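Down below is the structure, laid out as structure tokens.
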Amino acid sequence: MIARHATRRAPKATLGFAWGRFPTEDGSVITYRLYRRDHRRAVHMHVVSFFVHDDARSAAAILRRARKFLRDKVDELDLVAMGVAT
């Protein structure tokens, strides 16, 4: 991964999707926390960690899959709450 992306980034206050980047103290591992709110505005989180020296392309692909996983999970909860899915 690129060194400039090893800095901390706090999640932004949004109504939908948000993410934060949290490196360890020694800077060897970066943890991404992905957040999404459901219809009740409850926050759901998914965590993915990478070593700083991992390939940036594979990390980006894993983060995209994690975001889709979180979106599908929250959407499924919303559909169940609306009575559309079981």
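Residues are named by chain letter and number: chains run A, B, ... in the order of the structure tokens, numbers start at 1 in each chain, and ligands are numbered from 1 in the order shown.
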Practice problem: May I have the residues within 10 Å of Leu63 (chain A) as a ChimeraX atom specification, using only C-alpha atoms and disregarding those fewer than 6 positions away in the same chain? | Solution: /A:32-34,47-49,57,69
Written file, previous selection with all heavy atoms, as a PDB file, in the first residue's frame:
ATOM      1  N   TYR A  32      -9.526  -0.965   8.235  1.00  0.00           N
ATOM      2  CA  TYR A  32     -10.607  -0.160   7.680  1.00  0.00           C
ATOM      3  C   TYR A  32     -11.898  -0.596   8.354  1.00  0.00           C
ATOM      4  O   TYR A  32     -12.190  -1.787   8.438  1.00  0.00           O
ATOM      5  CB  TYR A  32     -10.731  -0.373   6.173  1.00  0.00           C
ATOM      6  CG  TYR A  32      -9.643   0.296   5.385  1.00  0.00           C
ATOM      7  CD1 TYR A  32      -8.406  -0.313   5.197  1.00  0.00           C
ATOM      8  CD2 TYR A  32      -9.841   1.553   4.832  1.00  0.00           C
ATOM      9  CE1 TYR A  32      -7.411   0.312   4.480  1.00  0.00           C
ATOM     10  CE2 TYR A  32      -8.844   2.184   4.112  1.00  0.00           C
ATOM     11  CZ  TYR A  32      -7.632   1.550   3.939  1.00  0.00           C
ATOM     12  OH  TYR A  32      -6.647   2.170   3.225  1.00  0.00           O
ATOM     13  N   ARG A  33     -12.639   0.371   8.831  1.00  0.00           N
ATOM     14  CA  ARG A  33     -13.948   0.093   9.428  1.00  0.00           C
ATOM     15  C   ARG A  33     -14.998   0.714   8.512  1.00  0.00           C
ATOM     16  O   ARG A  33     -14.995   1.920   8.275  1.00  0.00           O
ATOM     17  CB  ARG A  33     -14.047   0.694  10.821  1.00  0.00           C
ATOM     18  CG  ARG A  33     -13.077   0.090  11.787  1.00  0.00           C
ATOM     19  CD  ARG A  33     -13.187   0.739  13.136  1.00  0.00           C
ATOM     20  NE  ARG A  33     -12.051   0.362  13.979  1.00  0.00           N
ATOM     21  CZ  ARG A  33     -11.671   1.030  15.037  1.00  0.00           C
ATOM     22  NH1 ARG A  33     -12.323   2.108  15.403  1.00  0.00           N
ATOM     23  NH2 ARG A  33     -10.635   0.630  15.740  1.00  0.00           N
ATOM     24  N   LEU A  34     -15.893  -0.114   8.028  1.00  0.00           N
ATOM     25  CA  LEU A  34     -16.956   0.327   7.133  1.00  0.00           C
ATOM     26  C   LEU A  34     -18.250   0.371   7.921  1.00  0.00           C
ATOM     27  O   LEU A  34     -18.563  -0.574   8.653  1.00  0.00           O
ATOM     28  CB  LEU A  34     -17.086  -0.638   5.951  1.00  0.00           C
ATOM     29  CG  LEU A  34     -15.792  -0.983   5.223  1.00  0.00           C
ATOM     30  CD1 LEU A  34     -16.056  -2.032   4.151  1.00  0.00           C
ATOM     31  CD2 LEU A  34     -15.160   0.243   4.638  1.00  0.00           C
ATOM     32  N   VAL A  47     -15.302  -4.887   9.461  1.00  0.00           N
ATOM     33  CA  VAL A  47     -13.891  -4.533   9.651  1.00  0.00           C
ATOM     34  C   VAL A  47     -13.020  -5.369   8.723  1.00  0.00           C
ATOM     35  O   VAL A  47     -13.215  -6.580   8.600  1.00  0.00           O
ATOM     36  CB  VAL A  47     -13.463  -4.772  11.116  1.00  0.00           C
ATOM     37  CG1 VAL A  47     -11.989  -4.468  11.311  1.00  0.00           C
ATOM     38  CG2 VAL A  47     -14.315  -3.943  12.053  1.00  0.00           C
ATOM     39  N   VAL A  48     -12.051  -4.704   8.065  1.00  0.00           N
ATOM     40  CA  VAL A  48     -11.079  -5.372   7.199  1.00  0.00           C
ATOM     41  C   VAL A  48      -9.702  -4.814   7.537  1.00  0.00           C
ATOM     42  O   VAL A  48      -9.537  -3.598   7.654  1.00  0.00           O
ATOM     43  CB  VAL A  48     -11.387  -5.109   5.705  1.00  0.00           C
ATOM     44  CG1 VAL A  48     -10.397  -5.830   4.819  1.00  0.00           C
ATOM     45  CG2 VAL A  48     -12.798  -5.511   5.366  1.00  0.00           C
ATOM     46  N   SER A  49      -8.714  -5.694   7.698  1.00  0.00           N
ATOM     47  CA  SER A  49      -7.353  -5.258   8.022  1.00  0.00           C
ATOM     48  C   SER A  49      -6.372  -5.715   6.945  1.00  0.00           C
ATOM     49  O   SER A  49      -6.529  -6.787   6.356  1.00  0.00           O
ATOM     50  CB  SER A  49      -6.913  -5.833   9.368  1.00  0.00           C
ATOM     51  OG  SER A  49      -7.712  -5.307  10.395  1.00  0.00           O
ATOM     52  N   ARG A  57      -3.913  -3.013  -5.191  1.00  0.00           N
ATOM     53  CA  ARG A  57      -5.042  -3.457  -6.019  1.00  0.00           C
ATOM     54  C   ARG A  57      -5.875  -4.528  -5.326  1.00  0.00           C
ATOM     55  O   ARG A  57      -7.099  -4.489  -5.344  1.00  0.00           O
ATOM     56  CB  ARG A  57      -4.550  -4.001  -7.356  1.00  0.00           C
ATOM     57  CG  ARG A  57      -4.128  -2.933  -8.290  1.00  0.00           C
ATOM     58  CD  ARG A  57      -3.799  -3.530  -9.626  1.00  0.00           C
ATOM     59  NE  ARG A  57      -3.370  -2.486 -10.529  1.00  0.00           N
ATOM     60  CZ  ARG A  57      -3.183  -2.665 -11.799  1.00  0.00           C
ATOM     61  NH1 ARG A  57      -3.366  -3.849 -12.328  1.00  0.00           N
ATOM     62  NH2 ARG A  57      -2.787  -1.661 -12.551  1.00  0.00           N
ATOM     63  N   PHE A  69     -20.746  -6.427   0.690  1.00  0.00           N
ATOM     64  CA  PHE A  69     -21.246  -7.350   1.713  1.00  0.00           C
ATOM     65  C   PHE A  69     -22.059  -6.592   2.760  1.00  0.00           C
ATOM     66  O   PHE A  69     -23.163  -7.005   3.122  1.00  0.00           O
ATOM     67  CB  PHE A  69     -20.075  -8.076   2.377  1.00  0.00           C
ATOM     68  CG  PHE A  69     -20.471  -8.838   3.610  1.00  0.00           C
ATOM     69  CD1 PHE A  69     -21.082 -10.069   3.505  1.00  0.00           C
ATOM     70  CD2 PHE A  69     -20.248  -8.305   4.867  1.00  0.00           C
ATOM     71  CE1 PHE A  69     -21.457 -10.767   4.644  1.00  0.00           C
ATOM     72  CE2 PHE A  69     -20.626  -8.989   6.007  1.00  0.00           C
ATOM     73  CZ  PHE A  69     -21.232 -10.232   5.890  1.00  0.00           C
TER      74      PHE A  69
END
Exercise. From region 13-65 of chain A, collect each residue whose DSSP state is alpha helix (DSSP H) and return the set as an MDAnalysis selection string.
Key: chainID A and resid 56:65
Quiz item: Can you list every residue in chain A that DSSP puts in strand (DSSP E), as a PyMOL selection string?
Solution: chain A and resi 17-23+29-37+43-51
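Atom to atom, CA of Met45 (chain A) and CA of Leu70 (chain A) stand 7.5 Å apart.
Counting from CA of Phe50 (chain A), the distance to CA of Arg65 (chain A) is 14.2 Å.
Considering the residues A:Asp55, A:Asp38, A:Ala60, A:Pro11 and counting only C-alpha atoms, Leu79 (chain A) has its shortest atom-to-atom contact with A:Asp38.
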Exercise. Tell me which of A:Ala13, A:Ala42, A:Val52, A:Ala59 sits closest to Asp78 (chain A), counting only C-alpha atoms.
Key: A:Ala42
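Shortest atom-to-atom contact with His53 (chain A) among A:Ile30, A:Arg9, A:Arg21, A:Asp72: A:Ile30, counting only C-alpha atoms.
Take the candidates A:Ala6, A:Lys73, A:Phe22, A:Val29 and check each one against Phe51 (chain A) using only C-alpha atoms; the shortest distance goes to A:Val29.
The residue that comes closest to Arg64 (chain A), out of A:Glu25, A:Ala81, A:His46, A:Thr14 and on the basis of only C-alpha atoms, is A:His46.
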Quiz prompt | Residue neighbourhood Ala10 (chain A), 7 Å, only C-alpha atoms, exclusion window fewer than 2 positions, as a VMD selection string | solution = chain A and resid 8 12 20 to 21
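Put simply, CA of Phe17 (chain A) is 6.9 Å away from CA of Arg37 (chain A).
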